[in-house]
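**Student:** Below is target_3.txt; it holds compact mmCIF, C-alpha atoms and all ligand atoms.
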# COMPACT_ATOMS: atom_id res chain seq x y z
CA MET A 214 -54.65 -4.55 -47.71
CA GLU A 215 -53.25 -1.48 -45.90
CA LYS A 216 -49.52 -0.79 -46.32
CA VAL A 217 -47.08 -0.03 -43.51
CA LEU A 218 -43.49 1.19 -43.92
CA ILE A 219 -41.23 0.24 -41.01
CA THR A 220 -37.76 1.80 -40.97
CA GLY A 221 -35.05 0.03 -38.98
CA ALA A 222 -36.93 -3.16 -39.86
CA ALA A 223 -33.92 -5.44 -39.33
CA GLY A 224 -33.25 -4.05 -35.86
CA PHE A 225 -34.44 -5.22 -32.46
CA LEU A 226 -37.70 -3.25 -32.23
CA GLY A 227 -38.24 -2.85 -35.98
CA SER A 228 -38.25 -6.61 -36.54
CA HIS A 229 -40.76 -7.20 -33.74
CA LEU A 230 -42.96 -4.48 -35.27
CA CYS A 231 -42.75 -6.19 -38.68
CA ASP A 232 -43.98 -9.42 -37.05
CA ARG A 233 -46.84 -7.63 -35.33
CA PHE A 234 -48.09 -5.85 -38.46
CA ILE A 235 -47.84 -9.04 -40.52
CA LYS A 236 -49.90 -10.78 -37.83
CA GLU A 237 -52.50 -7.98 -38.00
CA GLY A 238 -52.85 -8.57 -41.75
CA TYR A 239 -51.00 -5.56 -43.17
CA HIS A 240 -48.69 -5.38 -46.16
CA VAL A 241 -45.33 -4.58 -44.57
CA ILE A 242 -42.45 -2.80 -46.27
CA GLY A 243 -39.34 -3.22 -44.13
CA MET A 244 -36.55 -0.71 -44.76
CA ASP A 245 -33.02 -0.83 -43.35
CA ASN A 246 -29.43 0.02 -44.32
CA LEU A 247 -28.07 -2.64 -41.92
CA LEU A 248 -25.80 -0.18 -40.12
CA THR A 249 -26.76 -1.82 -36.82
CA GLY A 250 -29.60 -4.12 -38.00
CA ASN A 251 -29.28 -7.76 -39.03
CA LEU A 252 -31.32 -9.56 -41.70
CA ASP A 253 -31.43 -12.68 -39.48
CA ASN A 254 -34.09 -10.84 -37.45
CA ILE A 255 -36.50 -10.76 -40.41
CA ALA A 256 -35.28 -13.75 -42.49
CA HIS A 257 -38.49 -15.65 -41.64
CA LEU A 258 -40.60 -12.92 -43.34
CA PHE A 259 -39.01 -12.97 -46.81
CA ARG A 260 -41.12 -15.91 -48.04
CA LEU A 261 -44.37 -14.02 -47.30
CA LYS A 262 -46.34 -12.34 -50.08
CA ASN A 263 -47.26 -9.41 -47.84
CA PHE A 264 -43.65 -8.58 -46.88
CA GLU A 265 -41.15 -6.58 -48.93
CA TYR A 266 -37.67 -5.49 -47.97
CA TYR A 267 -35.95 -2.33 -49.24
CA HIS A 268 -32.26 -1.89 -48.50
CA HIS A 269 -32.13 1.87 -48.14
CA ASP A 270 -30.66 4.64 -45.99
CA VAL A 271 -33.52 6.93 -44.93
CA THR A 272 -31.23 9.96 -44.87
CA LYS A 273 -31.48 9.75 -48.68
CA PHE A 274 -34.79 10.56 -50.40
CA VAL A 275 -37.30 7.80 -49.64
CA TYR A 276 -39.41 6.60 -52.58
CA ILE A 277 -42.32 4.20 -52.09
CA PRO A 278 -44.55 3.48 -55.11
CA GLY A 279 -48.35 3.46 -54.69
CA ASP A 280 -50.43 3.84 -51.58
CA LEU A 281 -49.00 4.01 -48.09
CA HIS A 282 -51.13 4.15 -44.94
CA TYR A 283 -48.73 4.03 -42.00
CA ILE A 284 -45.05 4.80 -41.35
CA LEU A 285 -43.15 3.72 -38.23
CA HIS A 286 -39.73 5.39 -38.03
CA PHE A 287 -37.47 3.12 -35.97
CA ALA A 288 -34.18 3.49 -37.85
CA SER A 289 -31.30 4.69 -35.64
CA PRO A 290 -28.30 3.43 -33.75
CA ALA A 291 -29.79 3.20 -30.25
CA SER A 292 -27.25 1.83 -27.79
CA PRO A 293 -24.71 4.17 -26.17
CA ILE A 294 -21.67 2.41 -27.69
CA ASP A 295 -23.31 2.46 -31.14
CA TYR A 296 -24.04 6.15 -31.14
CA LEU A 297 -20.61 6.94 -29.70
CA LYS A 298 -19.09 5.08 -32.67
CA MET A 299 -21.51 6.58 -35.20
CA PRO A 300 -22.34 10.08 -33.96
CA ILE A 301 -22.92 11.68 -37.38
CA GLN A 302 -25.11 8.86 -38.72
CA THR A 303 -27.11 9.01 -35.48
CA MET A 304 -27.73 12.73 -35.87
CA LYS A 305 -28.56 12.40 -39.58
CA VAL A 306 -31.08 9.58 -39.22
CA GLY A 307 -32.90 11.41 -36.41
CA SER A 308 -32.96 14.71 -38.29
CA ILE A 309 -32.71 14.31 -42.10
CA GLY A 310 -34.19 10.79 -41.94
CA THR A 311 -37.17 12.01 -39.93
CA MET A 312 -37.69 14.95 -42.31
CA ASN A 313 -37.70 12.62 -45.31
CA LEU A 314 -40.26 10.35 -43.69
CA LEU A 315 -42.49 13.24 -42.58
CA GLY A 316 -42.37 14.48 -46.17
CA LEU A 317 -43.35 11.03 -47.38
CA ALA A 318 -46.22 10.91 -44.84
CA LYS A 319 -47.44 14.31 -46.08
CA ASP A 320 -47.24 13.24 -49.72
CA LYS A 321 -49.08 9.93 -49.14
CA GLY A 322 -51.52 11.14 -46.49
CA ALA A 323 -50.07 8.44 -44.23
CA ARG A 324 -50.10 8.39 -40.43
CA ILE A 325 -46.56 8.42 -39.02
CA LEU A 326 -45.29 7.28 -35.63
CA VAL A 327 -41.74 8.26 -34.66
CA ALA A 328 -39.60 6.43 -32.10
CA SER A 329 -38.48 8.89 -29.46
CA THR A 330 -36.82 7.91 -26.22
CA SER A 331 -36.50 8.39 -22.48
CA GLU A 332 -33.09 9.89 -23.38
CA ILE A 333 -34.86 13.16 -24.21
CA TYR A 334 -35.21 13.50 -20.41
CA GLY A 335 -31.38 13.28 -20.10
CA ASP A 336 -30.15 12.83 -16.51
CA PRO A 337 -33.56 13.63 -15.05
CA ASP A 338 -34.09 15.78 -11.97
CA VAL A 339 -37.80 14.91 -11.91
CA HIS A 340 -38.58 11.33 -10.94
CA PRO A 341 -40.45 9.34 -12.25
CA GLN A 342 -40.55 11.16 -15.60
CA PRO A 343 -43.96 12.36 -16.85
CA GLU A 344 -44.38 13.53 -20.46
CA GLU A 345 -44.64 17.16 -19.26
CA TYR A 346 -41.03 17.12 -18.01
CA TRP A 347 -38.65 18.89 -20.45
CA GLY A 348 -35.50 17.08 -19.45
CA ASN A 349 -31.92 17.75 -18.44
CA VAL A 350 -29.72 17.04 -21.47
CA ASN A 351 -26.07 17.97 -22.08
CA PRO A 352 -26.12 18.90 -25.79
CA ILE A 353 -22.35 18.57 -26.25
CA GLY A 354 -21.75 15.47 -24.10
CA PRO A 355 -21.20 12.01 -25.60
CA ARG A 356 -24.91 11.15 -25.46
CA GLY A 357 -25.92 14.51 -26.95
CA VAL A 358 -25.83 13.17 -30.52
CA TYR A 359 -28.64 10.73 -29.77
CA ASP A 360 -30.57 12.83 -27.25
CA GLU A 361 -30.61 15.98 -29.38
CA ALA A 362 -31.39 14.09 -32.60
CA LYS A 363 -34.43 12.61 -30.87
CA ARG A 364 -35.43 15.99 -29.42
CA PHE A 365 -35.18 17.47 -32.92
CA MET A 366 -37.26 14.53 -34.15
CA GLU A 367 -40.03 15.40 -31.71
CA ALA A 368 -39.87 19.12 -32.58
CA ILE A 369 -40.08 18.61 -36.35
CA THR A 370 -42.80 15.99 -35.96
CA MET A 371 -44.90 18.53 -34.03
CA ALA A 372 -44.12 21.15 -36.69
CA TYR A 373 -45.38 18.88 -39.50
CA HIS A 374 -48.44 18.12 -37.39
CA ASN A 375 -49.20 21.78 -36.68
CA PHE A 376 -48.28 23.34 -40.05
CA HIS A 377 -49.00 20.56 -42.56
CA SER A 378 -51.70 18.69 -40.57
CA VAL A 379 -49.71 15.46 -40.89
CA ASP A 380 -51.23 12.72 -38.74
CA THR A 381 -48.40 12.07 -36.26
CA ARG A 382 -47.68 9.98 -33.14
CA ILE A 383 -44.64 10.19 -30.84
CA VAL A 384 -43.67 7.33 -28.54
CA ARG A 385 -41.03 7.85 -25.83
CA ILE A 386 -39.47 4.43 -25.37
CA PHE A 387 -37.81 3.50 -22.06
CA ASN A 388 -35.23 0.70 -21.67
CA THR A 389 -36.55 -2.39 -23.44
CA TYR A 390 -35.14 -5.91 -23.67
CA GLY A 391 -35.92 -9.25 -25.24
CA PRO A 392 -34.94 -11.63 -28.04
CA ARG A 393 -33.13 -10.05 -31.05
CA MET A 394 -31.13 -7.57 -29.02
CA ARG A 395 -27.55 -7.67 -30.28
CA LEU A 396 -25.19 -9.59 -28.01
CA ASP A 397 -22.52 -6.96 -28.55
CA ASP A 398 -24.60 -3.78 -28.45
CA GLY A 399 -22.97 -2.82 -25.16
CA ARG A 400 -26.17 -2.36 -23.21
CA ALA A 401 -26.42 -3.66 -19.67
CA LEU A 402 -28.58 -6.72 -20.34
CA PRO A 403 -26.76 -8.18 -23.38
CA ALA A 404 -23.42 -7.34 -21.74
CA PHE A 405 -24.30 -9.12 -18.47
CA MET A 406 -25.89 -12.13 -20.17
CA SER A 407 -23.08 -12.67 -22.66
CA GLN A 408 -20.49 -12.23 -19.89
CA ALA A 409 -22.26 -14.84 -17.76
CA LEU A 410 -22.49 -17.22 -20.74
CA ARG A 411 -18.82 -16.78 -21.65
CA GLY A 412 -17.59 -17.21 -18.09
CA GLU A 413 -16.49 -13.59 -17.69
CA ASP A 414 -17.10 -11.27 -14.76
CA LEU A 415 -20.05 -8.88 -15.08
CA THR A 416 -18.96 -5.27 -15.65
CA VAL A 417 -21.04 -2.83 -13.61
CA PHE A 418 -20.27 0.80 -14.38
CA GLY A 419 -19.88 3.17 -11.43
CA ASP A 420 -21.07 1.78 -8.09
CA GLY A 421 -24.18 0.33 -9.76
CA SER A 422 -26.57 2.51 -7.75
CA GLN A 423 -27.94 4.14 -10.92
CA THR A 424 -31.41 2.85 -11.75
CA ARG A 425 -33.27 1.79 -14.89
CA SER A 426 -36.75 0.32 -15.50
CA PHE A 427 -36.75 -2.54 -18.01
CA CYS A 428 -39.72 -3.34 -20.25
CA TYR A 429 -40.15 -6.67 -22.05
CA VAL A 430 -40.36 -6.23 -25.82
CA ASP A 431 -43.85 -7.76 -26.29
CA ASP A 432 -45.32 -5.24 -23.85
CA LEU A 433 -43.61 -2.37 -25.65
CA ILE A 434 -44.85 -3.48 -29.09
CA GLU A 435 -48.42 -3.70 -27.75
CA GLY A 436 -48.14 -0.14 -26.39
CA ILE A 437 -46.79 1.17 -29.70
CA TYR A 438 -49.52 -0.56 -31.66
CA ARG A 439 -52.21 0.94 -29.44
CA LEU A 440 -50.67 4.41 -29.66
CA LEU A 441 -50.54 4.25 -33.46
CA MET A 442 -54.22 3.27 -33.57
CA SER A 443 -55.21 5.99 -31.07
CA ASP A 444 -56.00 9.59 -32.01
CA TYR A 445 -53.44 11.14 -29.63
CA HIS A 446 -50.63 13.15 -31.24
CA LEU A 447 -48.63 14.32 -28.19
CA PRO A 448 -45.74 12.22 -26.83
CA VAL A 449 -46.58 9.14 -24.75
CA ASN A 450 -44.15 7.24 -22.48
CA ILE A 451 -44.13 3.49 -23.02
CA GLY A 452 -42.05 1.48 -20.57
CA ASN A 453 -42.19 -0.61 -17.44
CA PRO A 454 -42.18 1.47 -14.22
CA ASN A 455 -40.59 -1.37 -12.20
CA GLU A 456 -37.29 0.30 -11.26
CA ILE A 457 -34.09 -1.50 -10.25
CA SER A 458 -30.48 -0.52 -9.58
CA ILE A 459 -27.93 -1.77 -12.10
CA ARG A 460 -26.06 -3.62 -9.34
CA GLN A 461 -29.26 -5.46 -8.35
CA PHE A 462 -29.95 -6.15 -12.03
CA ALA A 463 -26.50 -7.76 -12.44
CA GLU A 464 -27.18 -9.85 -9.32
CA GLU A 465 -30.49 -11.05 -10.79
CA ILE A 466 -28.68 -12.14 -13.95
CA ILE A 467 -26.01 -13.93 -11.92
CA ALA A 468 -28.78 -15.81 -10.07
CA LEU A 469 -30.71 -16.60 -13.26
CA THR A 470 -27.71 -17.90 -15.19
CA GLY A 471 -26.15 -19.74 -12.24
CA THR A 472 -22.74 -18.38 -13.22
CA ASN A 473 -19.86 -18.49 -10.73
CA GLN A 474 -18.61 -15.13 -12.01
CA LYS A 475 -18.72 -12.02 -9.88
CA ILE A 476 -19.37 -8.31 -10.40
CA VAL A 477 -16.41 -6.08 -11.29
CA TYR A 478 -16.74 -2.31 -11.17
CA LYS A 479 -15.67 -0.09 -14.09
CA PRO A 480 -15.74 3.71 -14.43
CA LEU A 481 -19.15 5.27 -14.96
CA PRO A 482 -19.46 6.72 -18.51
CA GLN A 483 -19.89 10.51 -18.74
CA ASP A 484 -23.48 11.79 -18.35
CA ASP A 485 -24.84 8.32 -17.51
CA PRO A 486 -28.35 9.06 -16.12
CA LYS A 487 -28.58 8.38 -12.38
CA GLN A 488 -32.20 7.33 -12.42
CA ARG A 489 -34.89 6.51 -14.94
CA ARG A 490 -38.47 5.39 -14.52
CA PRO A 491 -41.48 6.22 -16.69
CA ASN A 492 -44.68 7.74 -15.41
CA ILE A 493 -47.15 5.74 -17.53
CA ASP A 494 -50.41 7.38 -16.42
CA LYS A 495 -51.04 8.69 -19.96
CA ALA A 496 -50.57 5.28 -21.59
CA LYS A 497 -52.90 3.75 -18.99
CA GLN A 498 -55.61 6.39 -19.43
CA LEU A 499 -55.42 6.92 -23.19
CA LEU A 500 -54.51 3.45 -24.41
CA GLY A 501 -55.67 1.19 -21.58
CA TRP A 502 -52.10 -0.11 -21.68
CA GLU A 503 -49.75 -1.32 -18.98
CA PRO A 504 -46.94 -3.89 -19.02
CA LYS A 505 -47.88 -7.50 -18.30
CA VAL A 506 -44.57 -9.39 -18.39
CA GLY A 507 -42.57 -9.31 -15.16
CA ARG A 508 -38.78 -9.22 -15.13
CA ALA A 509 -38.36 -12.82 -13.94
CA GLU A 510 -40.36 -14.13 -16.92
CA GLY A 511 -38.91 -11.72 -19.47
CA LEU A 512 -35.32 -12.35 -18.42
CA LYS A 513 -35.82 -16.11 -18.67
CA ILE A 514 -37.09 -15.89 -22.26
CA THR A 515 -34.27 -13.52 -23.19
CA TYR A 516 -31.64 -15.74 -21.58
CA GLU A 517 -32.83 -18.72 -23.66
CA TYR A 518 -32.44 -16.59 -26.78
CA PHE A 519 -28.90 -15.49 -25.88
CA LYS A 520 -27.90 -19.04 -24.91
CA ASN A 521 -28.92 -20.31 -28.37
CA LYS A 522 -27.18 -17.41 -30.11
CA ILE A 523 -23.91 -18.07 -28.33
CA GLN A 524 -24.13 -21.84 -28.98
CA GLN A 525 -24.66 -21.16 -32.72
CA ARG A 526 -21.38 -19.22 -32.93
N1 LIG A 601 -24.02 -0.59 -17.67
C1 LIG A 601 -23.17 -1.34 -16.86
N2 LIG A 601 -22.39 -2.29 -17.44
C2 LIG A 601 -22.41 -2.57 -18.77
C3 LIG A 601 -23.29 -1.83 -19.59
C4 LIG A 601 -24.08 -0.86 -19.01
O1 LIG A 601 -23.13 -1.12 -15.63
O2 LIG A 601 -21.64 -3.46 -19.21
C5 LIG A 601 -24.87 0.44 -17.04
C6 LIG A 601 -24.80 1.81 -17.73
O3 LIG A 601 -23.73 2.57 -17.23
C7 LIG A 601 -26.14 2.38 -17.37
C8 LIG A 601 -27.06 1.16 -17.29
O4 LIG A 601 -26.20 0.04 -17.16
O5 LIG A 601 -26.10 3.00 -16.11
C9 LIG A 601 -27.94 0.97 -18.53
O6 LIG A 601 -27.11 1.07 -19.64
P1 LIG A 601 -27.59 0.75 -21.11
O7 LIG A 601 -26.41 0.94 -22.00
O8 LIG A 601 -28.26 -0.57 -21.11
O9 LIG A 601 -28.71 1.81 -21.44
P2 LIG A 601 -28.97 3.36 -21.07
O10 LIG A 601 -30.16 3.31 -20.21
O11 LIG A 601 -27.78 3.94 -20.33
O12 LIG A 601 -29.18 4.02 -22.38
With the file now loaded, output its structure as structure tokens.
**Tutor:**
Amino acid sequence: MEKVLITGAAGFLGSHLCDRFIKEGYHVIGMDNLLTGNLDNIAHLFRLKNFEYYHHDVTKFVYIPGDLHYILHFASPASPIDYLKMPIQTMKVGSIGTMNLLGLAKDKGARILVASTSEIYGDPDVHPQPEEYWGNVNPIGPRGVYDEAKRFMEAITMAYHNFHSVDTRIVRIFNTYGPRMRLDDGRALPAFMSQALRGEDLTVFGDGSQTRSFCYVDDLIEGIYRLLMSDYHLPVNIGNPNEISIRQFAEEIIALTGTNQKIVYKPLPQDDPKQRRPNIDKAKQLLGWEPKVGRAEGLKITYEYFKNKIQQR
């Protein structure tokens, strides 16, 4: 049985990856320090023989006994309010954490996939964003801690690939949503849904004309799985190119939830990207991948999840 190490295993994407690799018949080692993750997301896996959990901070030396075939590095605070609260941890996990895991991959001869982000494009002046675009990032702005950590992650991953022949993959993840997002992570979708469920007005930042393109989690996981199994080592965008303004997005959530609440406008955070939409030509050509779940369907499933979560509290 091949072994996979998944860091950030108790987080939103990490937990869905654990499920996928268990389903594919791998032995999964989930690692997390629970800074932003929650064991509830992987509680159902603990009874399985082919799942192990290590409570560990990947910025400290990572030791895994025996063989290891794949590493997926998904540990990091990832929502703007999280990385504003934890700027140093965010920079360390993207830099020192990534170095530790690349070292582990080199030692074990394992293939490693690192989770990069559309944030490396910053506030993009090329639209939609193809992988060849270098980005427009403010290194010393509030989002710089995340953006630059992920840019460093990509640079050092390429260095290990080129100088140590480590077998690497880089995925650039665009806005993703679905069950197991944290209600209080501050992102647009959990904020709007929990506001609607609690009978509060929906807080749109700025005039809401900024755009995002939201991908349902199952589609994203499929793209990541295919990229890991491909032989392509340069970065690949995975996301849904269906773009929407944040104001329209809030209106869709108002319609879906049937809430009587309205939109209230709050100041736009500094360096908030004005537009974001992936060019997914590479993923289509190289991986035969494109998203399948439309927003109406994905939002419905996610709303059911949030409704249950709020009722349980
Ligand atoms: N946003 C908003 N209200 C909220 C939370 C977020 O209007 O309560 C906006 C935010 O300013 C941004 C967009 O929604 O323009 C997406 O924000 P999110 O934090 O989900 O992710 P980002 O793409 O900015 O990393």
**Student:** Identify the residues around (-30.3, -18.5, -15.7) within a radius of 12 Å, measuring from all atoms listed in the file in the coordinates stated by the file, and give them as an mmCIF file with C-alpha atoms, in the coordinates of the input.
**Tutor:**
data_model
loop_
_atom_site.group_PDB
_atom_site.id
_atom_site.type_symbol
_atom_site.label_atom_id
_atom_site.label_comp_id
_atom_site.auth_asym_id
_atom_site.auth_seq_id
_atom_site.Cartn_x
_atom_site.Cartn_y
_atom_site.Cartn_z
ATOM 1 C CA PHE A 405 -24.300 -9.120 -18.470
ATOM 2 C CA MET A 406 -25.890 -12.130 -20.170
ATOM 3 C CA SER A 407 -23.080 -12.670 -22.660
ATOM 4 C CA ALA A 409 -22.260 -14.840 -17.760
ATOM 5 C CA LEU A 410 -22.490 -17.220 -20.740
ATOM 6 C CA ALA A 463 -26.500 -7.760 -12.440
ATOM 7 C CA GLU A 464 -27.180 -9.850 -9.320
ATOM 8 C CA GLU A 465 -30.490 -11.050 -10.790
ATOM 9 C CA ILE A 466 -28.680 -12.140 -13.950
ATOM 10 C CA ILE A 467 -26.010 -13.930 -11.920
ATOM 11 C CA ALA A 468 -28.780 -15.810 -10.070
ATOM 12 C CA LEU A 469 -30.710 -16.600 -13.260
ATOM 13 C CA THR A 470 -27.710 -17.900 -15.190
ATOM 14 C CA GLY A 471 -26.150 -19.740 -12.240
ATOM 15 C CA THR A 472 -22.740 -18.380 -13.220
ATOM 16 C CA ASN A 473 -19.860 -18.490 -10.730
ATOM 17 C CA ALA A 509 -38.360 -12.820 -13.940
ATOM 18 C CA GLU A 510 -40.360 -14.130 -16.920
ATOM 19 C CA GLY A 511 -38.910 -11.720 -19.470
ATOM 20 C CA LEU A 512 -35.320 -12.350 -18.420
ATOM 21 C CA LYS A 513 -35.820 -16.110 -18.670
ATOM 22 C CA ILE A 514 -37.090 -15.890 -22.260
ATOM 23 C CA THR A 515 -34.270 -13.520 -23.190
ATOM 24 C CA TYR A 516 -31.640 -15.740 -21.580
ATOM 25 C CA GLU A 517 -32.830 -18.720 -23.660
ATOM 26 C CA TYR A 518 -32.440 -16.590 -26.780
ATOM 27 C CA PHE A 519 -28.900 -15.490 -25.880
ATOM 28 C CA LYS A 520 -27.900 -19.040 -24.910
#
**Student:** Using only C-alpha atoms, which residues sit within 6 Å of A:Leu285 once same-chain residues fewer than 3 positions away are excluded, as a ChimeraX atom specification?
**Tutor:** /A:219,325-327
**Student:** Once you count all atoms listed in the file, which residues end up within 9 Å of ligand LIG 601 (chain A), and could you hand them over as a count of residues only?
**Tutor:** 47
**Student:** Could you pull the residues within 7 Å of A:Asn254, counting all atoms listed in the file, minus those fewer than 3 positions along the same chain, as a VMD selection string?
**Tutor:** chain A and resid 223 228 251 393
**Student:** Using all atoms listed in the file, which residues sit within 10 Å of A:His268 once same-chain residues fewer than 2 positions away are excluded, as a PDB file with C-alpha atoms, in the frame of the given file?
**Tutor:**
ATOM      1  CA  ALA A 222     -36.930  -3.160 -39.860  1.00  0.00           C
ATOM      2  CA  ALA A 223     -33.920  -5.440 -39.330  1.00  0.00           C
ATOM      3  CA  GLY A 243     -39.340  -3.220 -44.130  1.00  0.00           C
ATOM      4  CA  MET A 244     -36.550  -0.710 -44.760  1.00  0.00           C
ATOM      5  CA  ASP A 245     -33.020  -0.830 -43.350  1.00  0.00           C
ATOM      6  CA  ASN A 246     -29.430   0.020 -44.320  1.00  0.00           C
ATOM      7  CA  LEU A 247     -28.070  -2.640 -41.920  1.00  0.00           C
ATOM      8  CA  TYR A 266     -37.670  -5.490 -47.970  1.00  0.00           C
ATOM      9  CA  ASP A 270     -30.660   4.640 -45.990  1.00  0.00           C
ATOM     10  CA  VAL A 271     -33.520   6.930 -44.930  1.00  0.00           C
TER      11      VAL A 271
END
**Student:** Just to confirm, what's the straight-line distance from atom CA of A:Tyr429 to atom CA of A:Glu237 in Å (one decimal)?
**Tutor:**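 Interatomic distance here is 20.2 Å.
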**Student:** Could you check the closest approach to A:Ser289 for each of A:His269, A:Lys363, A:Arg382, A:Arg439 and tell me which residue wins, using all atoms listed in the file?
**Tutor:** A:Lys363
**Student:** Return the single residue from A:Phe225, A:Tyr346, A:Phe259, A:Tyr334 that is closest to A:Leu433, with distances computed using only C-alpha atoms.
**Tutor:**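 Checking each candidate against A:Leu433, we get A:Phe225 as the closest.
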**Student:** Excluding A:Tyr239 and residues on its chain fewer than 2 positions from it, collect all residues at most 9 Å away from it, counting only C-alpha atoms, and give them as number ranges by chain.
**Tutor:** A: 214-217, 234-237, 241, 263-264
**Student:** Include C-alpha atoms and write out the residues we just selected as a PDB file, in the frame of the given file.
**Tutor:**
ATOM      1  CA  MET A 214     -54.650  -4.550 -47.710  1.00  0.00           C
ATOM      2  CA  GLU A 215     -53.250  -1.480 -45.900  1.00  0.00           C
ATOM      3  CA  LYS A 216     -49.520  -0.790 -46.320  1.00  0.00           C
ATOM      4  CA  VAL A 217     -47.080  -0.030 -43.510  1.00  0.00           C
ATOM      5  CA  PHE A 234     -48.090  -5.850 -38.460  1.00  0.00           C
ATOM      6  CA  ILE A 235     -47.840  -9.040 -40.520  1.00  0.00           C
ATOM      7  CA  LYS A 236     -49.900 -10.780 -37.830  1.00  0.00           C
ATOM      8  CA  GLU A 237     -52.500  -7.980 -38.000  1.00  0.00           C
ATOM      9  CA  VAL A 241     -45.330  -4.580 -44.570  1.00  0.00           C
ATOM     10  CA  ASN A 263     -47.260  -9.410 -47.840  1.00  0.00           C
ATOM     11  CA  PHE A 264     -43.650  -8.580 -46.880  1.00  0.00           C
TER      12      PHE A 264
END
**Student:** Do you have the atom CA of A:Ile309-atom CA of A:Asp360 distance handy?
**Tutor:**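 Separation of atom CA of A:Ile309 and atom CA of A:Asp360: 15.1 Å.
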**Student:** Could you tell me how far atom CA of A:Glu345 lies from atom CA of A:Val449, in Å and to one decimal?
**Tutor:** 9.9 Å
**Student:** May I have the residues within 9 Å of A:Thr272 as a list in words, using only C-alpha atoms and disregarding those fewer than 3 positions away in the same chain?
**Tutor:**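 Non-adjacent residues within range: His269, Val275, Gln302, Lys305, Val306, Gly307, Ser308, Ile309, Gly310, Thr311, Met312 and Asn313 of chain A.
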**Student:** Using only C-alpha atoms, pick whichever of A:Pro337, A:Gly357, A:Gly279, A:Gly348 has the shortest atom-to-atom distance to A:Tyr296.
**Tutor:**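 Among the listed residues, A:Gly357 lies closest to A:Tyr296.
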**Student:** Smallest atom-to-atom distance to A:Ile434: which of A:Lys497, A:Ala368, A:Asn521, A:Arg233, using only C-alpha atoms?
**Tutor:**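 Ranking A:Lys497, A:Ala368, A:Asn521, A:Arg233 by distance to A:Ile434, first place goes to A:Arg233.
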**Student:** Centre and edge lengths of an axis-aligned box around all listed atoms of stretch 271-279 of chain A, with 5 Å added on each side, are to be given in Å to one decimal, as JSON.
**Tutor:**
{"center_x": -39.8, "center_y": 7.0, "center_z": -50.0, "size_x": 27.1, "size_y": 17.1, "size_z": 20.2}
**Student:** Counting all atoms listed in the file, which residues in stretch 225-293 of chain A sit no more than 10 Å from stretch 317-323 of chain A? For each one, give the nearest pair of atoms and the distance in Å, sorted by chain then residue number, as CSV.
**Tutor:**
residue,atom,partner,partner_atom,distance
A:Phe274,CA,A:Leu317,CA,9.1
A:Val275,CA,A:Leu317,CA,7.2
A:Tyr276,CA,A:Leu317,CA,7.9
A:Ile277,CA,A:Leu317,CA,8.4
A:Pro278,CA,A:Lys321,CA,9.9
A:Gly279,CA,A:Lys321,CA,8.6
A:Asp280,CA,A:Lys321,CA,6.7
A:Leu281,CA,A:Ala323,CA,6.0
A:His282,CA,A:Ala323,CA,4.5
A:Tyr283,CA,A:Ala323,CA,5.1
A:Ile284,CA,A:Ala323,CA,6.8
**Student:** When distances are computed from all atoms listed in the file, which of A:Asp432, A:His446, A:Gln525, A:Leu314 shows the smallest separation from A:Lys505?
**Tutor:**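 For A:Lys505, the nearest of the given residues is A:Asp432.
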**Student:** Missing atoms in stretch 382-389 of chain A: can you complete it with N, CA, C and O atoms, as a PDB file, keeping the file's coordinate frame?
**Tutor:**
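Result file is selection_7.pdb:
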ATOM      1  N   ARG A 382     -47.709  10.556 -34.493  1.00  0.00           N
ATOM      2  CA  ARG A 382     -47.680   9.980 -33.140  1.00  0.00           C
ATOM      3  C   ARG A 382     -46.220   9.972 -32.688  1.00  0.00           C
ATOM      4  O   ARG A 382     -45.323   9.733 -33.510  1.00  0.00           O
ATOM      5  N   ILE A 383     -46.009  10.205 -31.395  1.00  0.00           N
ATOM      6  CA  ILE A 383     -44.640  10.190 -30.840  1.00  0.00           C
ATOM      7  C   ILE A 383     -44.616   9.261 -29.636  1.00  0.00           C
ATOM      8  O   ILE A 383     -45.320   9.499 -28.650  1.00  0.00           O
ATOM      9  N   VAL A 384     -43.812   8.212 -29.703  1.00  0.00           N
ATOM     10  CA  VAL A 384     -43.670   7.330 -28.540  1.00  0.00           C
ATOM     11  C   VAL A 384     -42.305   7.574 -27.900  1.00  0.00           C
ATOM     12  O   VAL A 384     -41.287   7.665 -28.586  1.00  0.00           O
ATOM     13  N   ARG A 385     -42.293   7.734 -26.575  1.00  0.00           N
ATOM     14  CA  ARG A 385     -41.030   7.850 -25.830  1.00  0.00           C
ATOM     15  C   ARG A 385     -40.754   6.495 -25.187  1.00  0.00           C
ATOM     16  O   ARG A 385     -41.401   6.105 -24.228  1.00  0.00           O
ATOM     17  N   ILE A 386     -39.763   5.811 -25.760  1.00  0.00           N
ATOM     18  CA  ILE A 386     -39.470   4.430 -25.370  1.00  0.00           C
ATOM     19  C   ILE A 386     -38.431   4.398 -24.254  1.00  0.00           C
ATOM     20  O   ILE A 386     -37.353   4.983 -24.393  1.00  0.00           O
ATOM     21  N   PHE A 387     -38.761   3.724 -23.167  1.00  0.00           N
ATOM     22  CA  PHE A 387     -37.810   3.500 -22.060  1.00  0.00           C
ATOM     23  C   PHE A 387     -37.097   2.162 -22.287  1.00  0.00           C
ATOM     24  O   PHE A 387     -37.498   1.374 -23.149  1.00  0.00           O
ATOM     25  N   ASN A 388     -36.051   1.918 -21.511  1.00  0.00           N
ATOM     26  CA  ASN A 388     -35.230   0.700 -21.670  1.00  0.00           C
ATOM     27  C   ASN A 388     -36.095  -0.539 -21.937  1.00  0.00           C
ATOM     28  O   ASN A 388     -36.987  -0.844 -21.153  1.00  0.00           O
ATOM     29  N   THR A 389     -35.784  -1.207 -23.024  1.00  0.00           N
ATOM     30  CA  THR A 389     -36.550  -2.390 -23.440  1.00  0.00           C
ATOM     31  C   THR A 389     -35.579  -3.528 -23.724  1.00  0.00           C
ATOM     32  O   THR A 389     -34.458  -3.288 -24.161  1.00  0.00           O
TER      33      THR A 389
END
